[in-house]
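Source file: upload12.csv; contents: CSV, C-alpha atoms and all ligand atoms.
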```csv
chain,number,residue,atom,x,y,z
A,233,MET,CA,-13.1,47.0,-41.7
A,234,ASN,CA,-11.9,43.4,-42.0
A,235,ASP,CA,-14.0,40.4,-40.9
A,236,PHE,CA,-12.2,40.1,-37.6
A,237,GLN,CA,-12.9,43.8,-36.8
A,238,LYS,CA,-16.6,43.3,-37.8
A,239,ILE,CA,-16.9,40.5,-35.3
A,240,THR,CA,-15.3,42.4,-32.4
A,241,LYS,CA,-17.3,45.4,-33.2
A,242,ILE,CA,-20.6,43.5,-32.8
A,243,LEU,CA,-19.4,42.0,-29.6
A,244,LYS,CA,-18.5,45.5,-28.3
A,245,ASP,CA,-21.6,47.2,-29.6
A,246,THR,CA,-23.9,44.7,-27.9
A,247,ASP,CA,-21.8,44.8,-24.7
A,248,ALA,CA,-21.9,41.0,-24.9
A,249,SER,CA,-21.1,39.0,-21.8
A,250,PHE,CA,-22.1,35.6,-23.1
A,251,VAL,CA,-21.2,34.5,-26.7
A,252,LEU,CA,-22.4,31.1,-28.0
A,253,LEU,CA,-20.4,29.5,-30.8
A,254,LEU,CA,-22.9,27.1,-32.3
A,255,CYS,CA,-22.2,24.0,-34.4
A,256,HIS,CA,-24.4,22.1,-36.7
A,257,ARG,CA,-26.3,18.8,-36.0
A,258,SER,CA,-24.0,15.9,-35.3
A,259,ALA,CA,-21.1,18.4,-35.3
A,260,ASP,CA,-18.0,17.3,-37.1
A,261,ALA,CA,-14.4,18.1,-36.5
A,262,ASP,CA,-14.5,21.1,-38.8
A,263,ALA,CA,-17.4,22.7,-36.9
A,264,ILE,CA,-16.0,22.0,-33.4
A,265,CYS,CA,-12.4,22.9,-34.3
A,266,SER,CA,-13.6,26.2,-35.9
A,267,ALA,CA,-15.6,27.0,-32.8
A,268,TYR,CA,-12.7,26.1,-30.4
A,269,ALA,CA,-10.1,28.2,-32.4
A,270,LEU,CA,-12.4,31.2,-32.7
A,271,GLN,CA,-13.2,30.9,-29.0
A,272,GLY,CA,-9.4,31.1,-28.2
A,273,LEU,CA,-8.9,34.0,-30.6
A,274,LEU,CA,-11.7,36.1,-29.2
A,275,LYS,CA,-10.8,35.4,-25.6
A,276,ARG,CA,-7.5,37.0,-26.1
A,277,PHE,CA,-9.2,40.3,-26.9
A,278,MET,CA,-12.1,40.0,-24.5
A,279,PRO,CA,-11.0,38.1,-21.4
A,280,ASN,CA,-14.1,39.0,-19.5
A,281,VAL,CA,-16.6,37.6,-22.0
A,282,VAL,CA,-17.8,34.0,-21.6
A,283,PHE,CA,-17.4,32.1,-24.9
A,284,GLU,CA,-19.0,28.7,-25.1
A,285,VAL,CA,-19.0,26.1,-27.8
A,286,GLY,CA,-22.5,24.7,-28.2
A,287,CYS,CA,-23.6,21.5,-30.0
A,288,PRO,CA,-27.3,21.3,-29.2
A,289,GLN,CA,-27.9,18.5,-31.8
A,290,GLY,CA,-25.0,16.3,-30.8
A,291,ILE,CA,-21.6,15.5,-32.2
A,292,ASN,CA,-20.5,12.8,-34.6
A,293,LYS,CA,-18.3,9.8,-33.8
A,294,PRO,CA,-14.9,11.2,-35.0
A,295,SER,CA,-15.7,14.3,-32.8
A,296,LYS,CA,-15.9,12.1,-29.8
A,297,VAL,CA,-12.3,10.9,-30.4
A,298,LEU,CA,-11.4,14.5,-31.0
A,299,LEU,CA,-12.7,15.6,-27.6
A,300,GLU,CA,-10.8,12.8,-25.9
A,301,HIS,CA,-7.6,14.0,-27.4
A,302,MET,CA,-8.0,17.8,-27.2
A,303,PRO,CA,-8.6,20.3,-24.5
A,304,ILE,CA,-11.9,21.3,-26.1
A,305,THR,CA,-15.1,21.7,-24.0
A,306,VAL,CA,-18.4,21.4,-25.7
A,307,ASN,CA,-21.8,22.1,-24.2
A,308,LEU,CA,-24.4,19.7,-25.5
A,309,LYS,CA,-27.3,21.6,-23.9
A,310,PRO,CA,-26.2,25.2,-24.4
A,311,ASN,CA,-28.5,27.9,-23.0
A,312,ILE,CA,-29.3,29.6,-26.2
A,313,GLU,CA,-31.8,32.0,-24.8
A,314,SER,CA,-29.3,33.7,-22.6
A,315,ALA,CA,-26.7,34.3,-25.4
A,316,ASP,CA,-26.0,38.0,-26.3
A,317,VAL,CA,-24.3,37.0,-29.5
A,318,ILE,CA,-24.7,33.7,-31.4
A,319,VAL,CA,-22.0,32.7,-33.9
A,320,LEU,CA,-23.1,30.0,-36.4
A,321,LEU,CA,-20.2,27.9,-37.6
A,322,ASP,CA,-19.9,25.5,-40.5
A,323,LEU,CA,-23.7,25.8,-40.7
A,324,ASN,CA,-25.5,27.4,-43.7
A,325,ASN,CA,-29.1,27.0,-42.5
A,326,ILE,CA,-30.4,27.1,-39.0
A,327,GLU,CA,-33.2,24.7,-40.1
A,328,GLN,CA,-30.5,22.0,-39.8
A,329,LEU,CA,-30.8,22.5,-36.0
A,330,ASP,CA,-34.5,21.4,-36.0
A,331,GLU,CA,-36.3,22.6,-32.9
A,332,VAL,CA,-33.4,24.7,-31.9
A,333,SER,CA,-33.9,26.9,-35.0
A,334,GLY,CA,-37.1,28.3,-33.4
A,335,ILE,CA,-35.2,29.4,-30.3
A,336,ILE,CA,-32.5,31.1,-32.4
A,337,ARG,CA,-35.1,32.8,-34.6
A,338,LYS,CA,-36.9,34.2,-31.5
A,339,SER,CA,-33.6,35.2,-29.7
A,340,GLY,CA,-32.8,38.9,-29.7
A,341,ALA,CA,-29.1,38.0,-29.8
A,342,ALA,CA,-26.9,39.5,-32.5
A,343,LYS,CA,-25.9,36.8,-35.0
A,344,ILE,CA,-22.8,36.1,-36.9
A,345,ILE,CA,-22.2,33.4,-39.5
A,346,VAL,CA,-18.8,31.9,-40.5
A,347,ASP,CA,-19.4,29.3,-43.1
A,348,HIS,CA,-18.1,27.7,-46.3
A,349,HIS,CA,-21.4,26.2,-47.7
A,350,SER,CA,-23.8,27.8,-50.2
A,351,PRO,CA,-25.6,30.5,-48.2
A,352,SER,CA,-29.2,30.2,-47.3
A,353,PRO,CA,-31.0,33.6,-47.8
A,354,GLU,CA,-33.3,33.2,-44.7
A,355,THR,CA,-30.3,32.5,-42.4
A,356,THR,CA,-28.0,35.1,-43.8
A,357,LYS,CA,-30.8,37.7,-43.6
A,358,MET,CA,-31.0,37.3,-39.8
A,359,CYS,CA,-27.2,37.6,-39.4
A,360,ASN,CA,-25.5,40.9,-38.6
A,361,VAL,CA,-22.2,39.7,-39.9
A,362,CYS,CA,-21.8,37.1,-42.7
A,363,ILE,CA,-18.4,35.6,-43.3
A,364,ILE,CA,-19.0,33.1,-46.1
A,365,ASP,CA,-16.5,31.7,-48.6
A,366,GLN,CA,-17.7,28.7,-50.6
A,367,LYS,CA,-14.3,28.3,-52.1
A,368,ALA,CA,-12.8,27.5,-48.7
A,369,ALA,CA,-12.3,23.7,-48.4
A,370,ALA,CA,-12.8,23.8,-44.7
A,371,ASN,CA,-14.4,26.2,-42.3
A,372,CYS,CA,-11.2,26.1,-40.2
A,373,GLU,CA,-9.5,28.0,-43.1
A,374,LEU,CA,-11.9,30.9,-42.5
A,375,ILE,CA,-11.0,30.9,-38.8
A,376,TYR,CA,-7.3,30.9,-39.6
A,377,ARG,CA,-7.9,34.0,-41.8
A,378,LEU,CA,-9.4,35.7,-38.8
A,379,TYR,CA,-6.2,34.9,-36.8
A,380,ARG,CA,-4.2,36.6,-39.6
A,381,GLN,CA,-6.4,39.6,-39.6
A,382,ALA,CA,-6.0,39.9,-35.9
A,383,LYS,CA,-2.3,39.4,-36.2
A,384,VAL,CA,-2.4,36.5,-33.7
A,385,LYS,CA,-0.5,33.2,-34.0
A,386,PRO,CA,-2.6,30.2,-32.9
A,387,ASP,CA,-1.1,28.4,-29.9
A,388,TYR,CA,-0.2,24.7,-30.3
A,389,ASN,CA,-3.7,23.3,-29.5
A,390,GLU,CA,-5.4,25.9,-31.7
A,391,ALA,CA,-3.1,25.1,-34.6
A,392,LYS,CA,-3.7,21.4,-34.0
A,393,ALA,CA,-7.5,22.0,-34.0
A,394,LEU,CA,-7.3,24.0,-37.2
A,395,PHE,CA,-5.2,21.3,-38.8
A,396,VAL,CA,-7.5,18.5,-37.7
A,397,GLY,CA,-10.7,20.3,-38.8
A,398,THR,CA,-9.2,20.9,-42.2
A,399,ALA,CA,-7.9,17.4,-42.6
A,400,PHE,CA,-11.3,15.9,-41.8
A,401,ASP,CA,-13.2,18.2,-44.1
A,402,THR,CA,-10.8,17.8,-47.1
A,403,ARG,CA,-10.6,14.0,-46.7
A,404,HIS,CA,-7.0,14.3,-45.6
A,405,PHE,CA,-6.3,17.1,-48.1
A,406,ALA,CA,-7.6,15.3,-51.2
A,407,LEU,CA,-10.2,18.1,-51.6
A,408,ALA,CA,-7.7,20.9,-50.6
A,409,ASN,CA,-6.9,23.9,-52.8
A,410,ALA,CA,-4.0,26.2,-52.9
A,411,SER,CA,-5.2,28.3,-50.0
A,412,THR,CA,-5.9,25.2,-47.9
A,413,LEU,CA,-2.3,24.0,-48.4
A,414,GLN,CA,-0.9,27.4,-47.7
A,415,THR,CA,-2.8,27.5,-44.4
A,416,ILE,CA,-1.7,23.9,-43.6
A,417,ALA,CA,1.9,24.9,-44.2
A,418,LYS,CA,1.6,27.7,-41.7
A,419,LEU,CA,0.0,25.4,-39.1
A,420,VAL,CA,2.8,22.8,-39.7
A,421,ASP,CA,5.3,25.7,-39.1
A,422,ALA,CA,3.5,26.3,-35.7
A,423,GLY,CA,4.7,22.8,-34.6
A,424,ILE,CA,2.1,20.3,-35.9
A,425,ASP,CA,3.5,16.9,-36.9
A,426,VAL,CA,1.4,15.9,-39.9
A,427,GLN,CA,1.9,12.1,-39.7
A,428,GLU,CA,1.6,11.9,-36.0
A,429,THR,CA,-1.6,14.1,-35.8
A,430,LEU,CA,-3.3,12.2,-38.7
A,431,ALA,CA,-2.6,8.9,-37.0
A,432,GLU,CA,-3.8,10.2,-33.7
A,433,PHE,CA,-7.2,10.9,-35.1
A,434,ALA,CA,-7.6,8.0,-37.5
A,435,LEU,CA,-10.8,6.2,-36.8
A,436,PRO,CA,-11.2,2.4,-36.8
A,437,ILE,CA,-14.3,1.7,-38.9
A,438,ASP,CA,-17.1,0.2,-36.9
A,439,THR,CA,-18.5,-3.2,-37.9
A,440,SER,CA,-21.9,-1.6,-38.3
A,441,GLU,CA,-20.6,1.0,-40.7
A,442,ARG,CA,-18.8,-1.8,-42.7
A,443,LEU,CA,-22.1,-3.7,-42.9
A,444,ALA,CA,-24.1,-0.6,-43.9
A,445,LYS,CA,-21.7,0.1,-46.7
A,446,LEU,CA,-21.8,-3.5,-48.0
A,447,LYS,CA,-25.6,-3.6,-47.7
A,448,ALA,CA,-26.0,-0.4,-49.6
A,449,CYS,CA,-23.9,-1.9,-52.4
A,450,LYS,CA,-25.9,-5.1,-52.4
A,451,ARG,CA,-29.2,-3.2,-52.6
A,452,ALA,CA,-28.1,-0.6,-55.1
A,453,ARG,CA,-30.2,0.1,-58.2
A,454,ILE,CA,-27.9,1.0,-61.1
A,455,ILE,CA,-29.3,3.3,-63.8
A,456,ARG,CA,-27.6,4.7,-66.9
A,457,VAL,CA,-28.6,8.3,-67.7
A,458,ASP,CA,-26.9,9.6,-70.8
A,459,GLY,CA,-23.7,7.9,-70.1
A,460,TRP,CA,-23.7,8.7,-66.4
A,461,ILE,CA,-23.9,5.8,-63.9
A,462,VAL,CA,-26.4,6.6,-61.1
A,463,ALA,CA,-26.6,4.3,-58.1
A,464,LEU,CA,-29.6,4.5,-55.7
A,465,SER,CA,-29.8,2.6,-52.5
A,466,HIS,CA,-31.0,2.6,-48.9
A,467,VAL,CA,-29.6,1.7,-45.5
A,468,SER,CA,-30.9,2.6,-42.0
A,469,ALA,CA,-27.7,4.3,-40.9
A,470,TYR,CA,-24.4,5.5,-42.3
A,471,GLN,CA,-26.0,6.9,-45.5
A,472,ALA,CA,-23.2,9.3,-46.2
A,473,SER,CA,-20.5,6.6,-45.9
A,474,ALA,CA,-22.6,4.3,-48.1
A,475,ALA,CA,-23.1,7.0,-50.7
A,476,LYS,CA,-19.4,7.6,-50.8
A,477,SER,CA,-18.7,3.9,-51.1
A,478,LEU,CA,-20.9,3.7,-54.2
A,479,VAL,CA,-19.0,6.5,-55.9
A,480,ASP,CA,-15.7,4.9,-54.9
A,481,LEU,CA,-16.9,1.7,-56.5
A,482,GLY,CA,-17.7,3.3,-59.8
A,483,ALA,CA,-20.9,5.2,-59.8
A,484,HIS,CA,-20.7,8.8,-61.1
A,485,VAL,CA,-23.6,9.8,-58.8
A,486,SER,CA,-25.1,8.1,-55.8
A,487,ALA,CA,-28.0,8.7,-53.5
A,488,VAL,CA,-28.5,6.6,-50.3
A,489,ALA,CA,-31.7,7.1,-48.3
A,490,GLY,CA,-32.6,6.0,-44.8
A,491,GLU,CA,-35.9,6.2,-42.9
A,492,LYS,CA,-36.4,6.6,-39.2
A,493,ASN,CA,-39.8,7.5,-37.5
A,494,GLY,CA,-41.4,8.8,-40.7
A,495,ARG,CA,-38.3,11.0,-41.4
A,496,VAL,CA,-36.3,10.3,-44.5
A,497,GLU,CA,-32.6,11.3,-44.9
A,498,VAL,CA,-30.7,11.1,-48.1
A,499,SER,CA,-27.0,11.5,-48.7
A,500,LEU,CA,-25.8,12.3,-52.2
A,501,ARG,CA,-22.3,12.0,-53.6
A,502,CYS,CA,-20.8,12.3,-57.1
A,503,THR,CA,-17.5,12.5,-58.8
A,504,ARG,CA,-15.7,15.8,-59.8
A,505,GLN,CA,-16.1,14.8,-63.4
A,506,PHE,CA,-19.9,14.7,-63.0
A,507,VAL,CA,-20.0,18.2,-61.5
A,508,GLU,CA,-17.8,19.6,-64.2
A,509,GLU,CA,-19.2,17.9,-67.3
A,510,ALA,CA,-22.9,17.6,-66.4
A,511,HIS,CA,-22.8,21.1,-64.8
A,512,ILE,CA,-24.7,19.8,-61.8
A,513,ASN,CA,-24.2,21.0,-58.2
A,514,LEU,CA,-25.7,18.3,-55.9
A,515,GLY,CA,-26.3,20.8,-53.1
A,516,THR,CA,-28.2,23.4,-55.1
A,517,ASP,CA,-29.6,21.5,-58.0
A,518,ILE,CA,-30.6,18.2,-56.4
A,519,ALA,CA,-30.6,18.3,-52.6
A,520,ALA,CA,-32.4,21.7,-52.3
A,521,PRO,CA,-35.4,20.8,-54.5
A,522,LEU,CA,-35.5,17.3,-53.0
A,523,GLY,CA,-35.6,18.8,-49.6
A,524,GLU,CA,-38.5,21.0,-50.7
A,525,PHE,CA,-40.3,18.0,-52.1
A,526,LEU,CA,-40.0,16.3,-48.7
A,527,GLY,CA,-41.2,19.3,-46.8
A,528,GLY,CA,-37.8,19.5,-45.2
A,529,VAL,CA,-34.3,20.9,-46.1
A,530,GLY,CA,-31.5,20.0,-48.4
A,531,GLY,CA,-28.2,21.5,-49.2
A,532,GLY,CA,-24.4,21.1,-49.0
A,533,HIS,CA,-21.6,21.0,-51.5
A,534,ALA,CA,-21.4,20.3,-55.2
A,535,MET,CA,-20.0,16.8,-54.7
A,536,ALA,CA,-21.5,16.0,-51.4
A,537,SER,CA,-24.9,17.0,-50.1
A,538,GLY,CA,-27.7,15.8,-47.8
A,539,VAL,CA,-31.5,16.0,-47.5
A,540,SER,CA,-33.8,15.6,-44.5
A,541,GLY,CA,-37.6,15.6,-44.6
A,542,THR,CA,-40.8,13.6,-44.3
A,543,GLY,CA,-41.4,10.7,-46.6
A,544,GLU,CA,-40.7,7.1,-47.5
A,545,ILE,CA,-37.6,5.7,-49.1
A,546,GLN,CA,-38.8,4.5,-52.5
A,547,PRO,CA,-40.8,7.7,-53.5
A,548,THR,CA,-37.9,9.8,-52.3
A,549,LEU,CA,-35.3,7.9,-54.4
A,550,LYS,CA,-37.7,8.0,-57.4
A,551,GLN,CA,-38.0,11.8,-57.1
A,552,CYS,CA,-34.2,12.1,-56.7
A,553,LEU,CA,-33.8,10.1,-59.9
A,554,LYS,CA,-36.3,12.3,-61.7
A,555,LEU,CA,-34.4,15.5,-60.6
A,556,LEU,CA,-31.1,14.0,-61.8
A,557,LYS,CA,-32.6,13.0,-65.2
A,558,THR,CA,-34.1,16.5,-65.7
A,559,LYS,CA,-30.9,18.2,-64.8
A,560,ILE,CA,-28.8,15.9,-66.9
A,561,ALA,CA,-31.2,16.4,-69.9
A,562,ASN,CA,-31.0,20.2,-69.4
A,563,SER,CA,-27.2,20.1,-69.4
A,564,GLU,CA,-27.3,18.0,-72.6
A,565,THR,CA,-29.5,20.6,-74.3
A,566,LYS,CA,-27.2,23.4,-73.1
A,567,LYS,CA,-24.2,21.6,-74.6
A,568,GLU,CA,-26.0,21.2,-77.9
A,569,GLN,CA,-26.8,24.9,-78.0
A,570,LEU,CA,-23.2,25.9,-77.4
A,601,MN,MN,-17.0,22.1,-42.9
```

Let me see the structure of the file written as structure tokens.
Ligand SMILES: [Mn+2]
Amino acid sequence: MNDFQKITKILKDTDASFVLLLCHRSADADAICSAYALQGLLKRFMPNVVFEVGCPQGINKPSKVLLEHMPITVNLKPNIESADVIVLLDLNNIEQLDEVSGIIRKSGAAKIIVDHHSPSPETTKMCNVCIIDQKAAANCELIYRLYRQAKVKPDYNEAKALFVGTAFDTRHFALANASTLQTIAKLVDAGIDVQETLAEFALPIDTSERLAKLKACKRARIIRVDGWIVALSHVSAYQASAAKSLVDLGAHVSAVAGEKNGRVEVSLRCTRQFVEEAHINLGTDIAAPLGEFLGGVGGGHAMASGVSGTGEIQPTLKQCLKLLKTKIANSETKKEQL
């Protein structure tokens, strides 16, 4: 049985009449476009089932532009309790949905996960079908694979959604791999104009984001750890963008924290060289234990990850540096032993 057949089997076995396609907090283009394209695919086979895209914890700014340009409908207050089947998209841990995670846990609905992050055992355990491929550069790639398994060609808007979701998640294909580019080639064949579509969704940078990035650079503490340049900083918003800027400027690793109502959030970024030579995966080696330290959650990818928990900025950054130092030291010893 292929993955597409596994999904349709669950939908049939549960005699589902309402299927909720659920995106992560401040849902990005990859999550929303995955949900939209999967909705379209499944509707073809089950026209009597109601499929809804739910973003109970909001959507991010680029997604607002996306929804203005595309015929995608998103419910910001989905009725999770009444779903017969819940599909988690681009989301590895339901804890990311804060209070919504309790409702999902209590729900008797069958659960399916389609994701490209490192899997969280508690979340995969509660899912009837797990379609997870960490090698996929975007979740939209996994959805395109389902189209192929179903032998269905995406229509123009579905192809455009899959293209845009992939473009956003791969930083305009800078993080793409062979399978990403093969998928993109097929979508372009379906009628997508690459330059026009990328221009349509290009975002002007907000003044507040520009200021956050500049402030993060001004406040950065720069530490050398065994030849690696670590930059630690804090801003009250746009931590991810600020962390990326620090790496663009020359840091090998960056961590930018922000505090709001006793909650602390940290974005971590690093270069590919750091992942490969220090053998450190920011998601599993740093963000996950830092999340635990803060009584919250942490995870993500090797080069980009995030943490959310309870605490204050300085102790959080201190712990982050401690984790980085320990991991770097461990990788040094490993190298010596080789
Ligand atoms: Mn994604």

- Surrounding residues as a list in words, ligand MN 601 (chain A), max 10 Å, all atoms listed in the file: His256, Ala259, Asp260, Ala261, Asp262, Ala263, Ile264, Cys265, Ser266, Leu321, Asp322, Leu323, Asp347, His348, His349, Ala368, Ala369, Ala370, Asn371, Cys372, Glu373, Gly397, Thr398, Phe400, Asp401, Thr402, Gly532 and His533 of chain A

- Message: Using all atoms listed in the file for the distances, tell me which of A:Val251, A:Val457, A:Ile560, A:Ala269 is nearest to Ala393 (chain A).
- Response: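 For Ala393 (chain A), the nearest of the candidates is A:Ala269.
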
- Query: What separation in Å, quoted to one decimal, exists between CA of Glu354 (chain A) and CA of Leu320 (chain A)?
  - Reply: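 Separation of CA of Glu354 (chain A) and CA of Leu320 (chain A): 13.5 Å.
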
- To one decimal in Å, tell me the separation between CA of Gln289 (chain A) and CA of Ala431 (chain A).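 Computing the Euclidean distance for CA of Gln289 (chain A) and CA of Ala431 (chain A) yields 27.6 Å.
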
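Closest to Ala406 (chain A) among A:Glu284, A:Ala519, A:Arg504, A:Arg337 is A:Arg504, based on all atoms listed in the file.
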
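Minimum atom-to-atom distance to Cys287 (chain A), evaluated using only C-alpha atoms, belongs to A:Cys255 out of A:Cys255, A:Leu394, A:Leu273, A:Ile318.
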
- Message: Quick one: residues within 12 Å of Phe395 (chain A), all atoms listed in the file, excluding same-chain residues fewer than 4 positions away - as a PyMOL selection string?
- Response: chain A and resi 261-262+265-266+269+370-373+375-376+386+388-391+399-402+404-405+412-430+433

- Note on the structure: What separates CA of Arg456 (chain A) and CA of Ser563 (chain A) is a distance of 15.6 Å

- Which is closer to Lys293 (chain A) than all the others in A:Pro279, A:Pro547, A:Pro436, A:Pro521, using all atoms listed in the file?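 Going through A:Pro279, A:Pro547, A:Pro436, A:Pro521 one by one, the smallest distance to Lys293 (chain A) is for A:Pro436.
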
- Can you tell me, as an NGL selection string, what residues are no more than 12 Å from region 475-480 of chain A when counting all atoms listed in the file, ignoring any on the same chain fewer than 4 positions away? :A and (403 or 441-454 or 460-467 or 469-471 or 484-490 or 497-506 or 535-538)

- Tell me which of A:Ser249, A:Asn562, A:Gln381, A:Asn493 sits closest to Gly543 (chain A), counting only C-alpha atoms.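 With only C-alpha atoms as the atom set, the closest residue is A:Asn493.
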
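Nearest to Ile335 (chain A) of all the residues A:Gly494, A:Gly272, A:Pro310, A:Gly527 is A:Pro310, based on only C-alpha atoms.
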
Restore N, CA and C atoms in region 334-361 of chain A and list the result as an mmCIF file, in the frame of the given file.
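Output contents, as saved in rebuild07.cif:
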```
data_model
loop_
_atom_site.group_PDB
_atom_site.id
_atom_site.type_symbol
_atom_site.label_atom_id
_atom_site.label_comp_id
_atom_site.auth_asym_id
_atom_site.auth_seq_id
_atom_site.Cartn_x
_atom_site.Cartn_y
_atom_site.Cartn_z
ATOM 1 N N GLY A 334 -36.021 27.418 -33.923
ATOM 2 C CA GLY A 334 -37.100 28.300 -33.400
ATOM 3 C C GLY A 334 -36.529 29.216 -32.315
ATOM 4 N N ILE A 335 -35.728 28.636 -31.427
ATOM 5 C CA ILE A 335 -35.200 29.400 -30.300
ATOM 6 C C ILE A 335 -34.220 30.468 -30.846
ATOM 7 N N ILE A 336 -33.430 30.088 -31.866
ATOM 8 C CA ILE A 336 -32.500 31.100 -32.400
ATOM 9 C C ILE A 336 -33.257 32.185 -33.120
ATOM 10 N N ARG A 337 -34.316 31.807 -33.843
ATOM 11 C CA ARG A 337 -35.100 32.800 -34.600
ATOM 12 C C ARG A 337 -35.713 33.807 -33.586
ATOM 13 N N LYS A 338 -36.206 33.300 -32.456
ATOM 14 C CA LYS A 338 -36.900 34.200 -31.500
ATOM 15 C C LYS A 338 -35.865 35.007 -30.690
ATOM 16 N N SER A 339 -34.625 34.517 -30.583
ATOM 17 C CA SER A 339 -33.600 35.200 -29.700
ATOM 18 C C SER A 339 -33.307 36.582 -30.267
ATOM 19 N N GLY A 340 -33.155 37.495 -29.334
ATOM 20 C CA GLY A 340 -32.800 38.900 -29.700
ATOM 21 C C GLY A 340 -31.297 39.043 -29.894
ATOM 22 N N ALA A 341 -30.535 37.955 -29.737
ATOM 23 C CA ALA A 341 -29.100 38.000 -29.800
ATOM 24 C C ALA A 341 -28.623 38.482 -31.214
ATOM 25 N N ALA A 342 -27.509 39.215 -31.249
ATOM 26 C CA ALA A 342 -26.900 39.500 -32.500
ATOM 27 C C ALA A 342 -26.355 38.202 -33.099
ATOM 28 N N LYS A 343 -26.359 38.075 -34.427
ATOM 29 C CA LYS A 343 -25.900 36.800 -35.000
ATOM 30 C C LYS A 343 -24.836 37.009 -36.045
ATOM 31 N N ILE A 344 -23.909 36.073 -35.999
ATOM 32 C CA ILE A 344 -22.800 36.100 -36.900
ATOM 33 C C ILE A 344 -22.694 34.719 -37.549
ATOM 34 N N ILE A 345 -22.405 34.673 -38.844
ATOM 35 C CA ILE A 345 -22.200 33.400 -39.500
ATOM 36 C C ILE A 345 -20.830 33.290 -40.098
ATOM 37 N N VAL A 346 -20.148 32.182 -39.843
ATOM 38 C CA VAL A 346 -18.800 31.900 -40.500
ATOM 39 C C VAL A 346 -18.995 30.550 -41.124
ATOM 40 N N ASP A 347 -19.058 30.519 -42.455
ATOM 41 C CA ASP A 347 -19.400 29.300 -43.100
ATOM 42 C C ASP A 347 -18.782 29.128 -44.488
ATOM 43 N N HIS A 348 -18.672 27.908 -44.959
ATOM 44 C CA HIS A 348 -18.100 27.700 -46.300
ATOM 45 C C HIS A 348 -19.083 26.845 -47.187
ATOM 46 N N HIS A 349 -20.386 26.825 -46.825
ATOM 47 C CA HIS A 349 -21.400 26.200 -47.700
ATOM 48 C C HIS A 349 -22.141 27.232 -48.489
ATOM 49 N N SER A 350 -23.002 26.764 -49.419
ATOM 50 C CA SER A 350 -23.800 27.800 -50.200
ATOM 51 C C SER A 350 -24.743 28.447 -49.234
ATOM 52 N N PRO A 351 -24.762 29.784 -49.239
ATOM 53 C CA PRO A 351 -25.600 30.500 -48.200
ATOM 54 C C PRO A 351 -27.055 30.317 -48.410
ATOM 55 N N SER A 352 -27.774 30.252 -47.304
ATOM 56 C CA SER A 352 -29.200 30.200 -47.300
ATOM 57 C C SER A 352 -29.746 31.602 -47.025
ATOM 58 N N PRO A 353 -30.549 32.171 -47.942
ATOM 59 C CA PRO A 353 -31.000 33.600 -47.800
ATOM 60 C C PRO A 353 -31.682 33.834 -46.433
ATOM 61 N N GLU A 354 -32.547 32.896 -45.982
ATOM 62 C CA GLU A 354 -33.300 33.200 -44.700
ATOM 63 C C GLU A 354 -32.327 33.282 -43.552
ATOM 64 N N THR A 355 -31.277 32.447 -43.561
ATOM 65 C CA THR A 355 -30.300 32.500 -42.400
ATOM 66 C C THR A 355 -29.422 33.690 -42.524
ATOM 67 N N THR A 356 -28.897 33.986 -43.724
ATOM 68 C CA THR A 356 -28.000 35.100 -43.800
ATOM 69 C C THR A 356 -28.735 36.446 -43.512
ATOM 70 N N LYS A 357 -30.028 36.460 -43.862
ATOM 71 C CA LYS A 357 -30.800 37.700 -43.600
ATOM 72 C C LYS A 357 -30.863 38.032 -42.140
ATOM 73 N N MET A 358 -30.885 37.005 -41.272
ATOM 74 C CA MET A 358 -31.000 37.300 -39.800
ATOM 75 C C MET A 358 -29.632 37.530 -39.179
ATOM 76 N N CYS A 359 -28.545 37.467 -39.978
ATOM 77 C CA CYS A 359 -27.200 37.600 -39.400
ATOM 78 C C CYS A 359 -26.683 39.050 -39.575
ATOM 79 N N ASN A 360 -26.082 39.588 -38.523
ATOM 80 C CA ASN A 360 -25.500 40.900 -38.600
ATOM 81 C C ASN A 360 -24.192 40.949 -39.349
ATOM 82 N N VAL A 361 -23.434 39.838 -39.221
ATOM 83 C CA VAL A 361 -22.200 39.700 -39.900
ATOM 84 C C VAL A 361 -22.161 38.373 -40.650
#
```
